[in-house]
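Chemist: File follows, structure_2.txt with compact mmCIF, C-alpha atoms:
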```txt
# COMPACT_ATOMS: atom_id res chain seq x y z
CA MET P 28 -51.39 -49.37 27.01
CA PRO P 29 -51.48 -47.49 23.81
CA LYS P 30 -48.38 -47.11 21.81
CA VAL P 31 -46.58 -43.88 22.47
CA LYS P 32 -46.41 -42.07 19.23
CA PRO P 33 -43.37 -39.88 18.91
CA HIS P 34 -44.51 -36.34 18.45
CA ARG P 35 -43.82 -35.35 14.88
CA THR P 36 -42.06 -32.07 14.73
CA SER P 37 -42.09 -30.22 11.51
CA PRO P 38 -38.66 -29.99 9.92
CA SER P 39 -38.97 -26.28 9.29
CA LEU P 40 -37.31 -24.27 11.95
CA ASP P 41 -37.67 -20.70 12.92
CA MET P 42 -35.21 -18.77 10.87
CA THR P 43 -36.07 -15.34 12.17
CA PRO P 44 -32.98 -14.82 14.35
CA MET P 45 -30.72 -15.99 11.57
CA VAL P 46 -32.35 -13.64 9.12
CA ASP P 47 -32.06 -10.83 11.62
CA LEU P 48 -28.39 -11.46 11.97
CA ALA P 49 -27.82 -11.85 8.25
CA PHE P 50 -29.54 -8.59 7.47
CA LEU P 51 -27.73 -6.82 10.24
CA LEU P 52 -24.45 -7.90 8.72
CA VAL P 53 -25.61 -7.03 5.21
CA THR P 54 -26.52 -3.55 6.36
CA PHE P 55 -23.22 -3.18 8.14
CA PHE P 56 -21.18 -4.23 5.16
CA MET P 57 -23.26 -2.14 2.79
CA LEU P 58 -22.65 0.95 4.84
CA THR P 59 -19.00 0.41 5.58
CA THR P 60 -17.94 -0.82 2.19
CA LYS P 61 -16.04 1.45 -0.07
CA PHE P 62 -15.50 -0.09 -3.42
CA ALA P 63 -11.90 -0.46 -4.28
CA PRO P 64 -11.35 1.49 -7.47
CA GLU P 65 -9.83 -0.47 -10.25
CA GLU P 66 -6.23 0.54 -10.36
CA SER P 67 -4.47 0.66 -13.65
CA VAL P 68 -1.55 -1.28 -12.28
CA VAL P 69 -1.31 -4.08 -9.79
CA VAL P 70 1.51 -3.95 -7.33
CA ASP P 71 2.43 -6.35 -4.61
CA THR P 72 3.71 -4.32 -1.72
CA PRO P 73 6.33 -5.67 0.65
CA SER P 74 5.45 -6.19 4.27
CA SER P 75 6.63 -4.41 7.36
CA ILE P 76 5.82 -4.37 11.05
CA SER P 77 4.67 -0.79 10.93
CA GLU P 78 1.27 -0.26 12.45
CA LEU P 79 0.68 3.22 11.16
CA LYS P 80 -2.30 3.55 8.90
CA LEU P 81 -2.52 5.52 5.75
CA PRO P 82 -4.59 8.67 6.30
CA GLU P 83 -8.11 8.54 4.93
CA ASN P 84 -7.88 11.45 2.57
CA ASN P 85 -5.53 14.02 1.15
CA VAL P 86 -3.18 11.35 -0.07
CA ILE P 87 -1.11 11.51 -3.22
CA THR P 88 -0.15 7.99 -4.18
CA LEU P 89 2.87 7.37 -6.33
CA THR P 90 2.86 3.80 -7.48
CA VAL P 91 6.07 2.23 -8.68
CA ASP P 92 5.74 -1.07 -10.45
CA LYS P 93 8.36 -3.63 -11.27
CA ASN P 94 8.86 -2.31 -14.79
CA LYS P 95 10.19 1.00 -13.51
CA ARG P 96 6.97 2.78 -14.30
CA VAL P 97 5.62 5.45 -12.02
CA PHE P 98 1.91 6.08 -11.70
CA PHE P 99 0.35 9.14 -10.19
CA GLY P 100 -2.90 9.22 -8.28
CA VAL P 101 -4.63 11.48 -5.82
CA ASP P 102 -7.76 10.63 -3.92
CA ALA P 103 -10.09 13.64 -4.12
CA LYS P 104 -11.90 14.16 -7.39
CA GLN P 105 -11.88 17.94 -7.33
CA THR P 106 -8.18 18.01 -6.61
CA LYS P 107 -7.58 15.70 -9.50
CA ILE P 108 -9.53 17.81 -11.95
CA GLN P 109 -7.94 21.03 -10.87
CA ALA P 110 -4.48 19.54 -11.06
CA LEU P 111 -5.27 18.25 -14.54
CA GLN P 112 -6.18 21.69 -15.76
CA LYS P 113 -3.13 23.32 -14.19
CA VAL P 114 -0.67 20.78 -15.50
CA GLY P 115 -2.44 20.76 -18.85
CA ALA P 116 -2.10 24.52 -19.08
CA LYS P 117 1.59 24.28 -18.32
CA TYR P 118 2.23 21.82 -21.11
CA GLY P 119 -0.23 23.44 -23.52
CA VAL P 120 -2.69 20.56 -23.51
CA ASN P 121 -6.35 21.35 -23.15
CA PHE P 122 -8.94 18.97 -21.80
CA THR P 123 -12.65 19.09 -22.38
CA ALA P 124 -15.11 19.02 -19.51
CA GLN P 125 -15.97 15.45 -20.40
CA GLN P 126 -12.33 14.41 -20.30
CA ALA P 127 -11.86 16.15 -16.96
CA LYS P 128 -14.82 14.28 -15.56
CA GLU P 129 -13.40 10.99 -16.77
CA PHE P 130 -10.10 11.90 -15.22
CA GLY P 131 -11.82 12.54 -11.92
CA ASP P 132 -12.94 8.91 -11.87
CA LEU P 133 -9.51 7.57 -12.65
CA PRO P 134 -7.67 6.17 -9.62
CA ASN P 135 -4.27 6.66 -11.14
CA PHE P 136 -2.50 6.87 -14.45
CA GLY P 137 0.96 6.48 -15.87
CA LEU P 138 1.07 8.47 -19.05
CA PRO P 139 2.80 11.55 -20.31
CA ILE P 140 0.32 14.39 -20.48
CA THR P 141 0.29 14.42 -24.25
CA GLN P 142 -1.14 10.92 -24.34
CA LEU P 143 -3.62 11.51 -21.56
CA GLY P 144 -6.32 13.05 -23.76
CA SER P 145 -6.74 10.07 -26.03
CA TYR P 146 -6.63 7.73 -23.06
CA LEU P 147 -9.49 9.63 -21.45
CA ASN P 148 -11.53 9.36 -24.64
CA MET P 149 -11.45 5.59 -24.52
CA ASP P 150 -14.11 3.57 -22.80
CA LYS P 151 -13.33 1.42 -19.81
CA GLU P 152 -12.74 -1.77 -21.72
CA ALA P 153 -10.34 -0.17 -24.15
CA ARG P 154 -8.43 1.36 -21.29
CA LYS P 155 -7.85 -2.02 -19.75
CA GLN P 156 -6.09 -3.03 -22.92
CA VAL P 157 -3.86 0.02 -22.83
CA ASN P 158 -3.10 -0.16 -19.13
CA LYS P 159 -0.39 -2.73 -19.59
CA GLN P 160 1.43 -0.48 -22.03
CA GLN P 161 1.25 2.72 -20.05
CA PRO P 162 4.77 4.06 -20.04
CA GLY P 163 4.58 5.73 -16.64
CA VAL P 164 4.69 9.39 -15.79
CA PRO P 165 7.97 10.84 -17.04
CA LEU P 166 10.26 11.94 -14.25
CA ASP P 167 13.71 12.35 -15.69
CA SER P 168 15.47 15.66 -15.45
CA LEU P 169 14.59 16.75 -18.98
CA ASN P 170 10.92 15.99 -18.83
CA ASN P 171 9.81 15.94 -15.26
CA GLN P 172 6.05 15.83 -15.34
CA LEU P 173 5.74 13.93 -12.08
CA ILE P 174 6.86 16.86 -9.97
CA ASP P 175 4.38 19.13 -11.72
CA TRP P 176 1.59 16.72 -10.95
CA VAL P 177 2.61 16.46 -7.32
CA LEU P 178 3.03 20.19 -6.86
CA GLU P 179 -0.22 21.08 -8.60
CA ALA P 180 -2.12 18.39 -6.74
CA ARG P 181 -0.78 19.71 -3.46
CA ARG P 182 -1.69 23.25 -4.36
CA ALA P 183 -5.15 22.26 -5.54
CA ASN P 184 -5.78 20.22 -2.43
CA GLN P 185 -4.66 23.08 -0.25
CA ALA P 186 -6.93 25.49 -2.13
CA ILE P 187 -9.99 23.23 -2.04
CA PHE P 188 -9.75 21.44 1.30
CA HIS P 189 -7.22 23.60 3.17
CA LYS P 190 -5.41 20.50 4.24
CA PRO P 191 -1.84 19.41 3.62
CA THR P 192 -1.31 16.32 1.54
CA TYR P 193 0.56 13.17 2.38
CA ILE P 194 2.80 11.55 -0.13
CA ALA P 195 2.47 7.79 -0.21
CA ILE P 196 4.83 5.65 -2.21
CA LYS P 197 3.40 2.32 -3.15
CA GLY P 198 6.17 0.23 -4.53
CA ASP P 199 6.10 -3.30 -5.79
CA GLY P 200 8.35 -5.65 -3.88
CA ASP P 201 10.24 -6.31 -7.08
CA ALA P 202 10.54 -2.68 -8.07
CA ASP P 203 14.10 -1.55 -8.26
CA VAL P 204 15.53 0.86 -5.76
CA PRO P 205 16.93 3.39 -8.29
CA THR P 206 13.43 4.21 -9.54
CA VAL P 207 12.12 4.64 -6.01
CA GLN P 208 15.14 6.72 -5.12
CA GLN P 209 14.65 8.82 -8.21
CA VAL P 210 11.07 9.53 -7.12
CA ILE P 211 12.29 10.45 -3.66
CA LYS P 212 15.06 12.61 -5.07
CA VAL P 213 12.70 14.48 -7.37
CA LEU P 214 10.42 15.28 -4.48
CA GLN P 215 13.27 16.16 -2.17
CA GLU P 216 14.36 18.79 -4.63
CA LYS P 217 11.06 20.50 -3.98
CA ASP P 218 11.49 20.18 -0.21
CA ILE P 219 9.13 17.28 0.22
CA ASN P 220 10.90 15.14 2.75
CA ARG P 221 8.20 13.07 4.35
CA PHE P 222 7.11 9.91 2.67
CA ASN P 223 4.82 7.10 3.58
CA LEU P 224 5.85 3.78 2.18
CA ILE P 225 2.79 1.62 1.78
CA THR P 226 3.38 -1.87 3.09
CA ASP P 227 1.42 -4.91 4.07
CA MET P 228 1.07 -5.91 7.64
CA GLU P 229 3.42 -8.34 9.24
CA ASN P 230 3.53 -9.59 12.78
CA LYS P 231 6.11 -8.01 14.95
CA PRO P 232 8.83 -10.49 15.68
CA VAL P 233 10.28 -10.68 19.12
CA ALA P 234 13.74 -9.24 19.00
CA THR P 235 15.76 -11.64 21.03
CA ARG P 236 18.50 -10.15 23.02
CA MET M 29 -43.49 -21.79 -1.14
CA ALA M 30 -45.46 -20.09 1.54
CA GLU M 31 -46.59 -22.98 3.58
CA ILE M 32 -50.05 -23.01 4.90
CA GLN M 33 -50.61 -24.90 8.00
CA GLY M 34 -53.84 -26.57 7.40
CA LYS M 35 -53.77 -28.49 10.60
CA ALA M 36 -54.32 -25.49 12.77
CA ASP M 37 -58.05 -25.77 12.81
CA SER M 38 -58.63 -29.38 12.18
CA GLY M 39 -60.56 -29.80 15.34
CA GLY M 40 -63.30 -30.92 13.07
CA LYS M 41 -66.37 -30.49 15.19
CA GLY M 42 -68.34 -30.39 12.01
CA GLY M 43 -71.22 -28.10 11.52
CA LYS M 44 -69.98 -24.55 11.24
CA LYS M 45 -67.50 -23.95 8.51
CA ARG M 46 -64.90 -21.63 9.78
CA ALA M 47 -62.85 -19.52 7.50
CA LYS M 48 -59.54 -21.27 7.25
CA LYS M 49 -57.04 -19.56 9.40
CA MET M 50 -53.91 -18.74 7.49
CA SER M 51 -50.75 -19.26 9.38
CA THR M 52 -48.57 -16.25 9.91
CA LYS M 53 -45.50 -18.26 9.16
CA ILE M 54 -43.92 -17.82 5.80
CA ASP M 55 -41.05 -19.67 4.37
CA MET M 56 -38.04 -17.48 4.78
CA THR M 57 -35.57 -19.62 2.89
CA PRO M 58 -35.37 -17.46 -0.25
CA MET M 59 -34.97 -14.37 1.83
CA VAL M 60 -32.19 -15.97 3.81
CA ASP M 61 -30.58 -17.05 0.57
CA LEU M 62 -30.64 -13.55 -0.70
CA ALA M 63 -29.42 -12.10 2.56
CA PHE M 64 -26.46 -14.41 2.66
CA LEU M 65 -25.69 -13.82 -0.97
CA LEU M 66 -25.53 -10.10 -0.34
CA LEU M 67 -23.58 -10.66 2.82
CA THR M 68 -20.99 -12.69 1.01
CA PHE M 69 -20.77 -10.16 -1.77
CA PHE M 70 -20.21 -7.23 0.51
CA MET M 71 -17.82 -9.11 2.69
CA LEU M 72 -15.66 -9.99 -0.24
CA THR M 73 -15.71 -6.63 -1.96
CA THR M 74 -15.20 -4.51 1.09
CA THR M 75 -11.81 -2.94 1.49
CA PHE M 76 -11.56 -3.16 5.17
CA ALA M 77 -8.02 -2.73 6.09
CA LYS M 78 -6.43 0.53 5.24
CA PRO M 79 -2.92 -0.14 4.07
CA ASN M 80 -0.17 0.21 6.58
CA VAL M 81 2.50 2.74 5.98
CA MET M 82 6.03 3.14 7.06
CA GLN M 83 7.19 6.66 7.71
CA LEU M 84 10.31 7.69 5.92
CA THR M 85 11.70 11.10 6.58
CA MET M 86 14.58 12.16 4.44
CA PRO M 87 16.98 14.91 5.44
CA VAL M 88 16.26 18.41 4.28
CA LYS M 89 17.97 19.37 1.08
CA LYS M 90 21.56 20.21 1.65
CA THR M 91 22.61 23.79 1.28
CA ASP M 92 26.17 24.49 0.31
CA ASP M 93 27.35 25.98 3.56
CA VAL M 94 26.39 22.95 5.61
CA GLU M 95 28.97 20.25 5.68
CA ASP M 96 28.22 16.58 5.78
CA THR M 97 28.10 15.22 9.25
CA LYS M 98 31.22 13.24 9.97
CA ILE M 99 30.76 10.04 11.82
CA LYS M 100 33.23 8.19 13.92
CA ALA M 101 34.61 5.00 12.51
CA SER M 102 33.97 3.19 15.76
CA GLN M 103 30.27 3.88 15.54
CA ALA M 104 29.77 3.42 11.85
CA MET M 105 28.23 0.38 10.32
CA THR M 106 27.40 0.08 6.68
CA ILE M 107 24.81 -2.18 5.14
CA ILE M 108 24.87 -2.50 1.40
CA LEU M 109 21.88 -3.96 -0.33
CA GLY M 110 23.12 -6.07 -3.17
CA LYS M 111 21.45 -8.17 -5.76
CA ASP M 112 19.75 -11.52 -5.11
CA ASN M 113 18.59 -10.40 -1.67
CA LYS M 114 22.08 -10.17 -0.28
CA ALA M 115 22.98 -7.79 2.46
CA TYR M 116 26.65 -6.90 2.71
CA TYR M 117 27.85 -5.22 5.83
CA TYR M 118 31.00 -3.98 7.41
CA PHE M 119 31.92 -2.02 10.49
CA GLY M 120 33.92 1.15 10.42
CA LEU M 121 34.57 3.28 7.41
CA ASN M 122 35.78 2.35 4.00
CA THR M 123 38.43 4.83 2.92
CA PRO M 124 40.89 3.17 0.58
CA LEU M 125 42.74 6.45 0.03
CA ASP M 126 43.55 6.82 3.68
CA LYS M 127 46.26 4.20 4.28
CA THR M 128 46.16 4.58 8.03
CA VAL M 129 42.72 3.03 8.19
CA ALA M 130 42.57 -0.70 7.80
CA LYS M 131 40.39 -2.03 5.07
CA PRO M 132 37.09 -3.11 6.60
CA GLU M 133 36.14 -6.72 6.46
CA LEU M 134 33.10 -7.21 4.31
CA LYS M 135 30.61 -9.86 5.29
CA VAL M 136 27.47 -11.07 3.66
CA THR M 137 24.15 -12.12 5.08
CA ASN M 138 20.50 -12.09 4.14
CA PHE M 139 17.31 -10.37 5.23
CA SER M 140 15.89 -13.21 7.29
CA ALA M 141 15.38 -13.10 11.03
CA ASN M 142 18.64 -14.93 11.57
CA GLY M 143 20.54 -12.81 9.12
CA ILE M 144 20.95 -9.11 9.36
CA ARG M 145 18.81 -8.84 12.47
CA GLN M 146 21.19 -10.91 14.54
CA VAL M 147 24.10 -8.90 13.23
CA LEU M 148 22.40 -5.69 14.25
CA LEU M 149 21.49 -7.02 17.67
CA ASP M 150 24.99 -8.34 18.27
CA ARG M 151 26.44 -5.04 17.29
CA GLN M 152 24.05 -3.21 19.54
CA ARG M 153 25.11 -5.33 22.46
CA GLN M 154 28.79 -4.70 21.90
CA LYS M 155 28.63 -1.06 20.97
CA PRO M 156 25.41 0.72 21.76
CA GLU M 157 24.18 3.50 19.52
CA PRO M 158 25.68 2.55 16.21
CA ILE M 159 25.16 4.79 13.24
CA ILE M 160 23.96 2.73 10.35
CA LEU M 161 24.44 3.73 6.76
CA ILE M 162 22.12 1.96 4.39
CA LYS M 163 23.34 1.92 0.86
CA ALA M 164 21.23 0.44 -1.86
CA THR M 165 22.93 -0.63 -5.04
CA GLU M 166 21.17 -0.50 -8.37
CA ASP M 167 20.49 -4.21 -8.25
CA ALA M 168 18.66 -4.04 -4.98
CA LYS M 169 14.95 -4.56 -4.88
CA TYR M 170 12.54 -2.17 -3.25
CA LYS M 171 11.52 -5.00 -0.98
CA ASN M 172 15.03 -5.14 0.41
CA MET M 173 14.92 -1.46 1.15
CA VAL M 174 11.65 -1.82 3.02
CA ASP M 175 12.99 -4.88 4.79
CA ILE M 176 16.09 -3.16 6.02
CA LEU M 177 14.14 -0.11 7.19
CA ASP M 178 11.86 -2.54 8.93
CA GLU M 179 14.82 -4.17 10.65
CA MET M 180 15.83 -0.75 11.89
CA ASN M 181 12.46 -0.47 13.55
CA ILE M 182 12.55 -4.00 14.88
CA THR M 183 15.97 -3.62 16.44
CA ASN M 184 15.22 -0.09 17.65
CA GLN M 185 18.03 1.65 15.90
CA LYS M 186 18.23 5.31 16.72
CA LYS M 187 20.45 6.57 13.98
CA TYR M 188 20.32 5.37 10.45
CA ALA M 189 20.31 6.96 7.05
CA LEU M 190 19.70 6.02 3.47
CA VAL M 191 22.69 7.16 1.52
CA LYS M 192 24.02 6.76 -1.95
CA VAL M 193 26.43 3.93 -2.50
CA PRO M 194 29.93 5.23 -3.22
CA GLN M 195 32.22 3.70 -5.79
CA ASP M 196 34.62 2.54 -3.06
CA ASP M 197 32.01 0.27 -1.62
CA LEU M 198 31.19 -1.22 -4.99
CA THR M 199 34.84 -2.10 -5.51
CA LEU M 200 34.96 -3.57 -2.04
CA ILE M 201 32.11 -5.90 -2.93
CA LYS M 202 33.71 -6.80 -6.20
CA ASP M 203 37.09 -7.52 -4.65
CA SER M 204 35.73 -9.62 -1.85
CA ALA M 205 33.76 -11.73 -4.36
CA LEU M 206 31.15 -12.73 -1.84
```
Using structure tokens, write down the structure that the file contains.

Modeler:
Amino acid sequence: MPKVKPHRTSPSLDMTPMVDLAFLLVTFFMLTTKFAPEESVVVDTPSSISELKLPENNVITLTVDKNKRVFFGVDAKQTKIQALQKVGAKYGVNFTAQQAKEFGDLPNFGLPITQLGSYLNMDKEARKQVNKQQPGVPLDSLNNQLIDWVLEARRANQAIFHKPTYIAIKGDGDADVPTVQQVIKVLQEKDINRFNLITDMENKPVATR
Amino acid sequence: MAEIQGKADSGGKGGKKRAKKMSTKIDMTPMVDLAFLLLTFFMLTTTFAKPNVMQLTMPVKKTDDVEDTKIKASQAMTIILGKDNKAYYYFGLNTPLDKTVAKPELKVTNFSANGIRQVLLDRQRQKPEPIILIKATEDAKYKNMVDILDEMNITNQKKYALVKVPQDDLTLIKDSAL
């Protein structure tokens, strides 16, 4: 009886299904991904059980960081540029077309309008250096630029997209309440009473009775 | 490394030389490498989850002819957000000028599940429909504010409001030295 030779199978295996799957996923992620814009400030939001989601667009985001600075941002580019020109006109600051374009790409900023021009002239790397020292948008009663930004952004958004805007407040967990309350108060004075506090998700605990 | 399977036609009957048949199989390893690299990249950079939001509706700006709503002392409960994640609370109203009302007893707790939540639930059991006044002192953190609003949602409170902290309450905290 001849020896039974084990049939040698080649070690290469058919990878076609795996490749199919991998490319399917790649395509999916490529299409669904939306690159997170680099924010000029990092905040760590507190968590809540709320399951409401932030609307996709027409959102004005007011970021409050732990150093009492307030940053202003709005999602749509056109809204941003129009608001820039309106607020600039109010404070007598003019922006070039190039600066306006740069501003359109900015996710948010925390500067008085007088300093905004030079900030927009910088390149991306230089801005990163300055970001830590941004003083925040002024919002005290003497020099309240924040409300102008919010009002102009709302108006611009209404004019361009005919949609109302949502105000989202993105506060750092360590931010102090007076600053947040000041932001709320400033907006309340202009009859803006609905706010969305951005929070992380947390599992709903079972309330024991 | 496209591998060529040379064995496919090694029947070797001699004579006629057939053109070597090339196998249709190619080595897909580099492609798979690339695919997974891209996959990983997109998976990590994608911002999937939209942030959650908590709705906060503040009362409409007060006009002069509208008076503040008065609340009954039996329903009232005050939570004061202090520093170092402390939550002070008392039941009833704090009116030191009015001598007929007893001074409320201030207690302190924290924002954990066994802290303020139990207090709220206990209170709800004893006296349904409390009106909760949330007062944040200057030392409070924004996190505390979100936490306490969250507790309102967790314990299903119907009536609560964010109000300014009056001087009387600050003295109450100071006096009680909790």

Chemist: Between P:Ile194, P:Met42, P:Leu147, P:Val114, which has the minimum distance to P:Glu129 (counting only C-alpha atoms)?

Modeler: P:Leu147

Chemist: Determine which residues of chain P sit within 6 Å of chain M, taking into account only C-alpha atoms, and present them as a PyMOL selection string.

Modeler: chain P and resi 46+49+53+56+60+73+75+77+79-81+200-205+220-227

Chemist: Record the distance separating atom CA of P:Ser74 and atom CA of M:Leu134, expressed in Å with one decimal.

Modeler: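 Those two atoms sit 27.7 Å apart.
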
Chemist: Report, in Å with one decimal, the straight-line distance from atom CA of P:Asn85 to atom CA of P:Lys128.

Modeler: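 If I compute the distance from atom CA of P:Asn85 to atom CA of P:Lys128, I get 19.1 Å.
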
Chemist: Compare P:Lys113, P:Lys151, P:Lys159, P:His189 by their minimum atom-to-atom distance to P:Asp92, counting all atoms listed in the file, and give me the closest one.

Modeler: P:Lys159

Chemist: In Å, with one decimal, what is the gap from atom CA of P:Gln172 to atom CA of P:Pro134?

Modeler: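 We find that atom CA of P:Gln172 and atom CA of P:Pro134 lie 17.7 Å from each other.
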
Chemist: Name all residues at most 8 Å from P:Val177 (count all atoms listed in the file; drop same-chain ones fewer than 4 positions away) and give them as a PyMOL selection string.

Modeler: chain P and resi 87+173+181

Chemist: Residues of the last selection are to be written out with C-alpha atoms, as a compact mmCIF listing (two decimals), keeping the file's coordinate frame.

Modeler:
```txt
# COMPACT_ATOMS: atom_id res chain seq x y z
CA ILE P 87 -1.11 11.51 -3.22
CA LEU P 173 5.74 13.93 -12.08
CA ARG P 181 -0.78 19.71 -3.46
```

Chemist: So which residues touch P:Gln185 within 12 Å, counting only C-alpha atoms, skipping near sequence neighbours fewer than 5 positions away, as a PDB file with C-alpha atoms, keeping the file's coordinate frame?

Modeler:
```
ATOM      1  CA  ASN P  85      -5.530  14.020   1.150  1.00  0.00           C
ATOM      2  CA  VAL P  86      -3.180  11.350  -0.070  1.00  0.00           C
ATOM      3  CA  ALA P 103     -10.090  13.640  -4.120  1.00  0.00           C
ATOM      4  CA  GLN P 105     -11.880  17.940  -7.330  1.00  0.00           C
ATOM      5  CA  THR P 106      -8.180  18.010  -6.610  1.00  0.00           C
ATOM      6  CA  GLN P 109      -7.940  21.030 -10.870  1.00  0.00           C
ATOM      7  CA  ALA P 110      -4.480  19.540 -11.060  1.00  0.00           C
ATOM      8  CA  LEU P 178       3.030  20.190  -6.860  1.00  0.00           C
ATOM      9  CA  GLU P 179      -0.220  21.080  -8.600  1.00  0.00           C
ATOM     10  CA  ALA P 180      -2.120  18.390  -6.740  1.00  0.00           C
ATOM     11  CA  LYS P 190      -5.410  20.500   4.240  1.00  0.00           C
ATOM     12  CA  PRO P 191      -1.840  19.410   3.620  1.00  0.00           C
ATOM     13  CA  THR P 192      -1.310  16.320   1.540  1.00  0.00           C
ATOM     14  CA  TYR P 193       0.560  13.170   2.380  1.00  0.00           C
TER      15      TYR P 193
END
```

Chemist: Just give me the residues with any atom within 10 Å of (37.4, -0.2, 4.1), file coordinates, counting all atoms listed in the file, written as a ChimeraX atom specification.

Modeler: /M:118-127,129-134,196-197,200

Chemist: Listed atoms of stretch 93-105 of chain P, axis-aligned box, 5 Å per side: centre and edge lengths to one decimal in Å, as JSON?

Modeler:
```
{"center_x": -0.9, "center_y": 7.2, "center_z": -9.4, "size_x": 32.1, "size_y": 31.6, "size_z": 20.9}
```

Chemist: Fewer than 3 positions away in the same chain doesn't count, so skip those; otherwise give me all residues within 12 Å of P:Val91, counting all atoms listed in the file, as number ranges by chain.

Modeler: P: 67-72, 88, 94-100, 135-137, 162-164, 166, 195-211, 224-225; M: 169-171

Chemist: Within 9 Å of P:Val213, counting all atoms listed in the file, which residues qualify if same-chain residues fewer than 6 places away don't, as a PyMOL selection string?

Modeler: chain P and resi 166-168+171+173-174+219

Chemist: Tell me which of M:Leu161, M:Ile107, M:Ala115, M:Val136 sits closest to M:Ala205, counting only C-alpha atoms.

Modeler: M:Val136

Chemist: Point out the residue among P:Val101, P:Leu52, P:Ile140, P:Ala153 with the least atom-to-atom distance to P:Val120, counting all atoms listed in the file.

Modeler: P:Ile140
